[in-house]
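Asker: Have a peek at target-v3.csv (CSV, C-alpha atoms and all ligand atoms).
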chain,number,residue,atom,x,y,z
A,102,MET,CA,-43.6,42.1,-25.1
A,103,ALA,CA,-43.8,41.7,-21.3
A,104,THR,CA,-41.7,44.2,-19.4
A,105,GLU,CA,-38.9,42.6,-17.4
A,106,PHE,CA,-39.5,42.4,-13.6
A,107,VAL,CA,-37.0,44.6,-11.8
A,108,PRO,CA,-36.6,43.8,-8.0
A,109,PRO,CA,-37.3,46.8,-5.8
A,110,THR,CA,-34.5,48.5,-3.9
A,111,GLU,CA,-34.4,48.6,-0.1
A,112,GLU,CA,-35.2,52.3,-0.3
A,113,VAL,CA,-38.4,51.6,-2.3
A,114,ALA,CA,-39.2,48.8,0.1
A,115,THR,CA,-39.2,51.0,3.2
A,116,LEU,CA,-42.9,51.5,3.7
A,117,ARG,CA,-44.4,54.5,5.5
A,118,THR,CA,-47.9,54.5,6.8
A,119,GLU,CA,-49.9,56.9,8.9
A,120,ARG,CA,-48.2,55.7,12.2
A,121,LEU,CA,-45.5,53.2,11.1
A,122,VAL,CA,-42.2,52.8,9.3
A,123,VAL,CA,-42.0,49.3,8.0
A,124,ARG,CA,-38.5,48.6,6.8
A,125,PRO,CA,-36.8,45.4,5.5
A,126,VAL,CA,-35.3,43.4,8.3
A,127,ARG,CA,-31.6,43.7,9.2
A,128,LEU,CA,-29.4,41.2,11.0
A,129,ASP,CA,-29.0,43.6,13.9
A,130,ASP,CA,-32.8,43.5,14.5
A,131,ALA,CA,-32.1,40.3,16.5
A,132,GLN,CA,-32.1,42.1,19.8
A,133,LEU,CA,-35.5,43.6,19.0
A,134,VAL,CA,-37.1,40.4,17.7
A,135,HIS,CA,-35.9,38.0,20.3
A,136,PRO,CA,-38.0,39.1,23.4
A,137,HIS,CA,-41.1,38.5,21.3
A,138,ALA,CA,-40.1,35.6,19.2
A,139,SER,CA,-39.1,33.7,22.3
A,140,ASP,CA,-42.6,34.1,23.8
A,141,PRO,CA,-44.6,30.8,23.5
A,142,GLN,CA,-47.9,32.6,23.6
A,143,LEU,CA,-47.0,34.8,20.7
A,144,THR,CA,-45.8,31.9,18.5
A,145,ARG,CA,-48.6,29.5,19.3
A,146,TYR,CA,-50.3,29.9,15.9
A,147,LEU,CA,-47.1,30.5,13.9
A,148,THR,CA,-45.2,27.8,12.0
A,149,TRP,CA,-42.0,28.0,14.1
A,150,ALA,CA,-41.1,27.2,17.6
A,151,PRO,CA,-40.3,30.0,20.1
A,152,HIS,CA,-36.7,31.1,19.7
A,153,ARG,CA,-34.5,29.6,22.4
A,154,ASP,CA,-31.7,32.2,22.2
A,155,ILE,CA,-30.6,35.3,20.3
A,156,GLY,CA,-28.9,32.9,17.8
A,157,ASP,CA,-32.3,31.6,16.7
A,158,SER,CA,-33.5,35.1,16.1
A,159,ALA,CA,-30.3,35.9,14.1
A,160,ALA,CA,-30.8,32.8,12.1
A,161,PHE,CA,-34.4,33.8,11.3
A,162,LEU,CA,-33.2,37.2,10.1
A,163,ARG,CA,-30.4,35.7,8.1
A,164,HIS,CA,-32.9,33.4,6.4
A,165,ALA,CA,-35.2,36.3,5.6
A,166,ILE,CA,-32.3,38.4,4.2
A,167,ASP,CA,-31.2,35.5,2.0
A,168,ALA,CA,-34.8,35.0,0.8
A,169,ARG,CA,-34.9,38.7,-0.2
A,170,ALA,CA,-31.7,38.4,-2.1
A,171,ARG,CA,-33.1,35.3,-3.9
A,172,GLY,CA,-36.4,37.1,-4.6
A,173,SER,CA,-38.4,34.4,-2.6
A,174,GLY,CA,-39.6,36.6,0.2
A,175,TRP,CA,-39.7,40.1,1.9
A,176,VAL,CA,-39.8,40.5,5.6
A,177,TRP,CA,-40.1,43.8,7.4
A,178,SER,CA,-39.6,45.1,10.9
A,179,ILE,CA,-42.4,47.4,12.1
A,180,PHE,CA,-41.6,50.6,14.0
A,181,GLU,CA,-43.9,53.2,15.6
A,182,GLY,CA,-42.2,56.4,16.7
A,183,GLY,CA,-38.9,54.5,16.6
A,184,GLN,CA,-40.2,51.7,18.8
A,185,PHE,CA,-40.1,48.1,17.4
A,186,ARG,CA,-43.6,46.6,17.2
A,187,GLY,CA,-43.3,43.4,15.3
A,188,VAL,CA,-42.8,41.7,11.9
A,189,VAL,CA,-44.7,41.4,8.7
A,190,GLY,CA,-43.8,39.4,5.6
A,191,VAL,CA,-44.7,38.5,2.1
A,192,GLU,CA,-43.0,35.1,1.8
A,193,SER,CA,-42.8,31.8,0.0
A,194,ILE,CA,-42.9,33.7,-3.3
A,195,ALA,CA,-43.6,31.2,-6.1
A,196,ARG,CA,-43.1,32.5,-9.6
A,197,GLY,CA,-43.6,29.4,-11.7
A,198,ARG,CA,-42.9,25.8,-12.3
A,199,GLY,CA,-42.7,24.1,-15.7
A,200,ALA,CA,-45.5,25.4,-17.8
A,201,ILE,CA,-47.3,27.0,-14.8
A,202,ARG,CA,-47.0,30.6,-13.6
A,203,TYR,CA,-48.0,31.5,-10.1
A,204,ASP,CA,-46.6,35.0,-9.1
A,205,ARG,CA,-48.0,34.2,-5.6
A,206,ALA,CA,-46.9,34.8,-2.1
A,207,GLU,CA,-48.1,34.2,1.5
A,208,LEU,CA,-48.7,37.0,4.0
A,209,GLY,CA,-47.7,36.6,7.7
A,210,TYR,CA,-47.3,38.9,10.7
A,211,TRP,CA,-46.9,39.1,14.4
A,212,ILE,CA,-46.9,42.0,16.9
A,213,GLY,CA,-45.5,42.2,20.4
A,214,ARG,CA,-48.2,41.3,22.9
A,215,THR,CA,-48.3,44.6,24.8
A,216,GLN,CA,-49.3,46.4,21.6
A,217,HIS,CA,-52.1,44.1,20.4
A,218,GLY,CA,-55.5,45.6,19.5
A,219,ARG,CA,-54.2,49.0,18.3
A,220,GLY,CA,-54.5,48.2,14.6
A,221,ILE,CA,-50.8,47.8,14.0
A,222,ALA,CA,-50.9,44.4,12.2
A,223,THR,CA,-53.6,45.6,9.9
A,224,GLU,CA,-51.8,48.9,9.1
A,225,ALA,CA,-48.5,47.1,8.4
A,226,ALA,CA,-50.0,44.2,6.5
A,227,ALA,CA,-52.0,46.7,4.3
A,228,ALA,CA,-48.6,48.3,3.3
A,229,ALA,CA,-46.9,44.9,2.7
A,230,VAL,CA,-49.8,43.6,0.5
A,231,ALA,CA,-49.9,46.8,-1.5
A,232,PHE,CA,-46.1,46.6,-1.9
A,233,GLY,CA,-46.4,43.0,-3.1
A,234,PHE,CA,-48.9,43.9,-5.8
A,235,ARG,CA,-47.2,47.1,-6.8
A,236,HIS,CA,-43.5,46.3,-6.6
A,237,LEU,CA,-43.2,42.5,-6.7
A,238,ALA,CA,-45.6,42.0,-9.5
A,239,LEU,CA,-47.6,39.4,-7.6
A,240,HIS,CA,-50.8,38.1,-9.0
A,241,LYS,CA,-52.2,36.6,-5.8
A,242,ILE,CA,-51.4,36.9,-2.1
A,243,VAL,CA,-52.7,34.1,0.2
A,244,VAL,CA,-53.1,34.2,4.0
A,245,ARG,CA,-54.1,31.5,6.4
A,246,ALA,CA,-55.1,31.5,10.1
A,247,ALA,CA,-56.2,28.8,12.6
A,248,THR,CA,-59.9,28.9,13.2
A,249,GLU,CA,-59.0,29.5,16.9
A,250,ASN,CA,-57.0,32.6,16.2
A,251,PRO,CA,-59.8,35.2,16.0
A,252,ALA,CA,-57.4,38.2,16.2
A,253,SER,CA,-55.7,37.1,13.0
A,254,LEU,CA,-59.0,36.3,11.3
A,255,ARG,CA,-60.1,39.8,12.1
A,256,VAL,CA,-57.0,41.3,10.6
A,257,ILE,CA,-57.6,39.3,7.4
A,258,ALA,CA,-61.2,40.5,7.3
A,259,LYS,CA,-60.2,44.1,7.8
A,260,LEU,CA,-57.7,43.8,4.9
A,261,GLY,CA,-60.5,42.6,2.6
A,262,PHE,CA,-59.2,39.1,1.7
A,263,ALA,CA,-61.7,36.7,0.2
A,264,ARG,CA,-62.3,33.4,2.1
A,265,VAL,CA,-61.5,30.3,0.3
A,266,GLY,CA,-62.5,27.7,2.9
A,267,VAL,CA,-61.4,25.7,5.8
A,268,MET,CA,-58.5,23.2,5.6
A,269,ARG,CA,-59.5,20.6,8.2
A,270,GLN,CA,-56.8,19.4,10.6
A,271,ASP,CA,-54.2,21.2,8.5
A,272,HIS,CA,-51.4,20.8,10.9
A,273,GLU,CA,-50.6,19.5,14.4
A,274,ARG,CA,-49.1,21.7,17.1
A,275,ASP,CA,-48.5,20.8,20.7
A,276,GLY,CA,-50.6,17.7,20.3
A,277,VAL,CA,-53.6,19.4,18.7
A,278,TRP,CA,-54.7,19.2,15.1
A,279,LEU,CA,-55.7,22.7,14.0
A,280,ASP,CA,-58.3,23.6,11.4
A,281,VAL,CA,-57.0,26.5,9.3
A,282,GLU,CA,-59.0,29.1,7.3
A,283,ALA,CA,-57.5,30.0,3.9
A,284,PHE,CA,-58.0,33.4,2.2
A,285,GLU,CA,-56.7,35.0,-1.0
A,286,MET,CA,-56.5,38.4,-2.7
A,287,LEU,CA,-55.9,39.0,-6.4
A,288,ALA,CA,-54.0,42.0,-7.7
A,289,THR,CA,-57.1,42.8,-9.7
A,290,ASP,CA,-59.6,42.5,-6.8
A,291,THR,CA,-61.3,45.7,-5.6
A,292,ALA,CA,-59.9,45.0,-2.2
A,293,ALA,CA,-56.3,45.4,-3.6
A,294,ALA,CA,-57.2,48.8,-5.1
A,295,ASP,CA,-58.8,49.8,-1.8
A,296,LEU,CA,-55.6,48.8,0.1
A,297,GLN,CA,-53.5,50.8,-2.3
A,298,ARG,CA,-55.7,53.8,-1.7
A,299,ARG,CA,-55.6,53.3,2.0
A,300,VAL,CA,-51.8,53.1,2.0
A,301,ASN,CA,-51.3,56.1,-0.2
A,302,ARG,CA,-53.6,58.2,2.0
A,303,GLY,CA,-51.4,57.3,5.0
A,304,ARG,CA,-48.3,58.8,3.4
B,1,LIG,C1,-52.8,38.4,15.0
B,1,LIG,C2,-52.0,39.7,15.5
B,1,LIG,C3,-50.9,39.9,14.5
B,1,LIG,C4,-53.0,40.9,15.4
B,1,LIG,O1,-52.2,42.1,15.7
B,1,LIG,P1,-52.9,43.4,16.1
B,1,LIG,O2,-51.9,44.5,15.9
B,1,LIG,O3,-53.5,43.3,17.5
B,1,LIG,O4,-54.1,43.5,15.1
B,1,LIG,P2,-55.1,44.7,14.9
B,1,LIG,O5,-55.2,45.5,16.1
B,1,LIG,O6,-54.8,45.3,13.5
B,1,LIG,O7,-56.5,43.9,14.7
B,1,LIG,C5,-56.9,42.9,15.7
B,1,LIG,C6,-58.4,42.7,15.6
B,1,LIG,O8,-58.7,41.5,16.3
B,1,LIG,C7,-59.7,41.7,17.3
B,1,LIG,N1,-59.5,40.7,18.3
B,1,LIG,C8,-58.4,40.5,19.1
B,1,LIG,N2,-58.6,39.5,19.9
B,1,LIG,C9,-59.9,39.0,19.6
B,1,LIG,C10,-60.6,37.9,20.1
B,1,LIG,N3,-60.2,37.1,21.0
B,1,LIG,N4,-61.8,37.7,19.5
B,1,LIG,C11,-62.3,38.5,18.5
B,1,LIG,N5,-61.6,39.5,18.0
B,1,LIG,C12,-60.4,39.7,18.5
B,1,LIG,C13,-59.4,43.1,17.7
B,1,LIG,O9,-60.5,43.7,18.4
B,1,LIG,C14,-59.1,43.8,16.4
B,1,LIG,O10,-60.3,44.0,15.7
B,1,LIG,P3,-61.0,45.5,15.6
B,1,LIG,O11,-60.0,46.4,15.0
B,1,LIG,O12,-62.2,45.3,14.8
B,1,LIG,O13,-61.3,45.8,17.0
B,1,LIG,C15,-51.5,39.5,16.9
B,1,LIG,O14,-52.6,39.1,17.7
B,1,LIG,C16,-50.4,38.6,17.0
B,1,LIG,O15,-49.2,38.9,16.9
B,1,LIG,N6,-50.7,37.3,17.3
B,1,LIG,C17,-49.7,36.3,17.5
B,1,LIG,C18,-49.1,35.9,16.1
B,1,LIG,C19,-50.1,35.4,15.1
B,1,LIG,O16,-51.0,34.7,15.5
B,1,LIG,N7,-49.9,35.8,13.8
B,1,LIG,C20,-50.9,35.5,12.8
B,1,LIG,C21,-50.6,34.1,12.3
B,1,LIG,S1,-51.8,33.6,11.1
Now, as a test, write the supplied structure out as C-alpha cells.
Ligand SMILES: CC(C)(COP(=O)(O)OP(=O)(O)OC[C@H]1O[C@@H](n2cnc3c(N)ncnc32)[C@H](O)[C@@H]1OP(=O)(O)O)[C@@H](O)C(=O)NCCC(=O)NCCS
Answerer:
Amino acid sequence: MATEFVPPTEEVATLRTERLVVRPVRLDDAQLVHPHASDPQLTRYLTWAPHRDIGDSAAFLRHAIDARARGSGWVWSIFEGGQFRGVVGVESIARGRGAIRYDRAELGYWIGRTQHGRGIATEAAAAAVAFGFRHLALHKIVVRAATENPASLRVIAKLGFARVGVMRQDHERDGVWLDVEAFEMLATDTAAADLQRRVNRGR
C-alpha cells in the first residue's frame, strides 16, 4: 500500500546551504521583497508586473502563504548572513486530475540585482529542488526561461535540468512575443541525486 503523503512542517522546510538560509516566506517579508519586486528590470522575464506599492508585495506573500496551506506551492525567502537576497519557489504543484497523476511543480527564482553572479540563485534553487523531491514527493520539476534570459538559462544548466525544447512565441510581454526554453528533472534522474548530494554537503 502507498504511504500517505505528510506535508512538511515549516521547521523541516527551512533549508540551510553552505552560505544561505532559505526559509518559507512570511507576510512581514513585504518590506524586504518590495524594493526588488518593484524593479522593472528584475521582473522583465517574470510572469508578473513590477509591484506598484508595498500592498502588492504583501498580496504576493499572502498568495504564497495560502498556496502553501493548500499544498499547491512553496515559496522561500533567501538570506545570506541575515541579509535578504531574493526568492525561490516550487509552485503550481499539480497532483492529479481524473485518472491522471502528475506530482509535478514549477521552479522559479529571482535575486536582487546587486547580488547577481555570485551563485546565489543556483545554491538556493538546488536546495528547493532537493526539498521538492524529498519532502513534497514530487515526480517531476519543470522550469522555463526566455531564450533571451541567459543568466536564468545558465542557472538551469548548472542545476542539471534536461532540455525539452523551445516553445515559440510562448507569451507576449511589453509588446514582444518571447520564445521560451522548457526544461525538466525527474526525481529518478541522476541530476536529482547529484543535487541532493550537493545540498547535503553544504549542511
Ligand atoms: C536569473 C537570476 C535569478 C540568476 O541569479 P544569480 O544569483 O545571479 O545566478 P547564479 O550566480 O547562480 O548564476 C548565474 C549564471 O549566469 C551567468 N550569466 C549572467 N549573465 C549572463 C549573460 N548575460 N550571458 C551569459 N551568462 C550570464 C553568470 O555568469 C552565472 O554563470 P557562471 O556561474 O557559470 O558564471 C537573476 O539574474 C535574476 O534574478 N534575474 C531576474 C529574474 C529572473 O529572470 N528569474 C528567472 C525567470 S525564468
Asker: Within 7 Å of ligand LIG 1 (chain B), counting only C-alpha atoms and all ligand atoms: which residues, as a list in words?
Answerer: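 Counting only C-alpha atoms and all ligand atoms, the residues within 7 Å of ligand LIG 1 (chain B) come out as Leu143, Thr144, Arg145, Tyr146, Leu147, Gly209, Tyr210, Trp211, Ile212, Gly213, Arg214, Gln216, His217, Gly218, Arg219, Gly220, Ile221, Ala222, Thr223, Glu224, Arg245, Ala246, Ala247, Asn250, Pro251, Ala252, Ser253, Arg255 and Val256 of chain A.
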Asker: To one decimal place, how far is CA of Leu121 in chain A from CA of Ala293 in chain A in Å?
Answerer: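 These atoms are spaced 19.8 Å apart.
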Asker: Between CA of Ile194 in chain A and CA of Asp130 in chain A, what is the spacing in Å?
Answerer: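 Spanning CA of Asp130 in chain A to CA of Ile194 in chain A is a straight-line distance of 22.7 Å.
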Asker: Counting all atoms listed in the file, which residues come within 12 Å of (-51.8, 55.5, -3.1), with the point read in the file's coordinates, and could you list them as a short mmCIF file (atom, residue, chain, number, x, y, z; two decimals) with C-alpha atoms, in the frame of the given file?
Answerer:
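Full text of part-v4.cif as output:
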data_model
loop_
_atom_site.label_atom_id
_atom_site.label_comp_id
_atom_site.auth_asym_id
_atom_site.auth_seq_id
_atom_site.Cartn_x
_atom_site.Cartn_y
_atom_site.Cartn_z
CA LEU A 116 -42.90 51.50 3.70
CA ARG A 117 -44.40 54.50 5.50
CA THR A 118 -47.90 54.50 6.80
CA ALA A 227 -52.00 46.70 4.30
CA ALA A 228 -48.60 48.30 3.30
CA ALA A 231 -49.90 46.80 -1.50
CA PHE A 232 -46.10 46.60 -1.90
CA ARG A 235 -47.20 47.10 -6.80
CA ALA A 293 -56.30 45.40 -3.60
CA ALA A 294 -57.20 48.80 -5.10
CA ASP A 295 -58.80 49.80 -1.80
CA LEU A 296 -55.60 48.80 0.10
CA GLN A 297 -53.50 50.80 -2.30
CA ARG A 298 -55.70 53.80 -1.70
CA ARG A 299 -55.60 53.30 2.00
CA VAL A 300 -51.80 53.10 2.00
CA ASN A 301 -51.30 56.10 -0.20
CA ARG A 302 -53.60 58.20 2.00
CA GLY A 303 -51.40 57.30 5.00
CA ARG A 304 -48.30 58.80 3.40
#
Asker: Nearest to Phe185 in chain A: which of A:Asp204, A:Gly197, A:Phe234, A:Arg124 is it, counting only C-alpha atoms?
Answerer: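 Once distances to Phe185 in chain A are computed over only C-alpha atoms, the minimum belongs to A:Arg124.
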Asker: If we count only C-alpha atoms and set the cut-off at 10 Å, which residues sit around Thr115 in chain A, ignoring sequence neighbours fewer than 5 positions away in its own chain? Please answer as a ChimeraX atom specification.
Answerer: /A:110,122-126,177-178,228-229,232
Asker: Pick out the closest residue to Arg153 in chain A from this set: A:Arg169, A:Lys241, A:Lys259, A:His135. Count all atoms listed in the file.
Answerer: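 Answer, going by the shortest atom-to-atom distance: A:His135.
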Asker: Considering all atoms listed in the file, can you say which of A:Gln184, A:Gln270, A:Ser173, A:Thr291 comes closest to Leu239 in chain A?
Answerer: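 Distance minimum relative to Leu239 in chain A lands on A:Ser173.
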Asker: Nearest to Val191 in chain A: which of A:Ala131, A:Glu282, A:Ala114, A:Asp157 is it, counting all atoms listed in the file?
Answerer: A:Ala114
Asker: For a test of reading the model, state the distance in Å between CA of Ala283 in chain A and CA of Val267 in chain A, rounded to one decimal.
Answerer: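 Separation between CA of Ala283 in chain A and CA of Val267 in chain A: 6.1 Å.
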Asker: Compare A:Glu111, A:Glu105, A:Asp280, A:Glu119 by their minimum atom-to-atom distance to Trp175 in chain A, counting all atoms listed in the file, and give me the closest one.
Answerer: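 Smallest separation from Trp175 in chain A among the options: A:Glu111.
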Asker: Restricting the calculation to only C-alpha atoms, which member of A:Val189, A:Ala150, A:Val277, A:Met268 is positioned closest to Ala165 in chain A?
Answerer: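 Residue with the minimum atom-to-atom distance to Ala165 in chain A: A:Val189.
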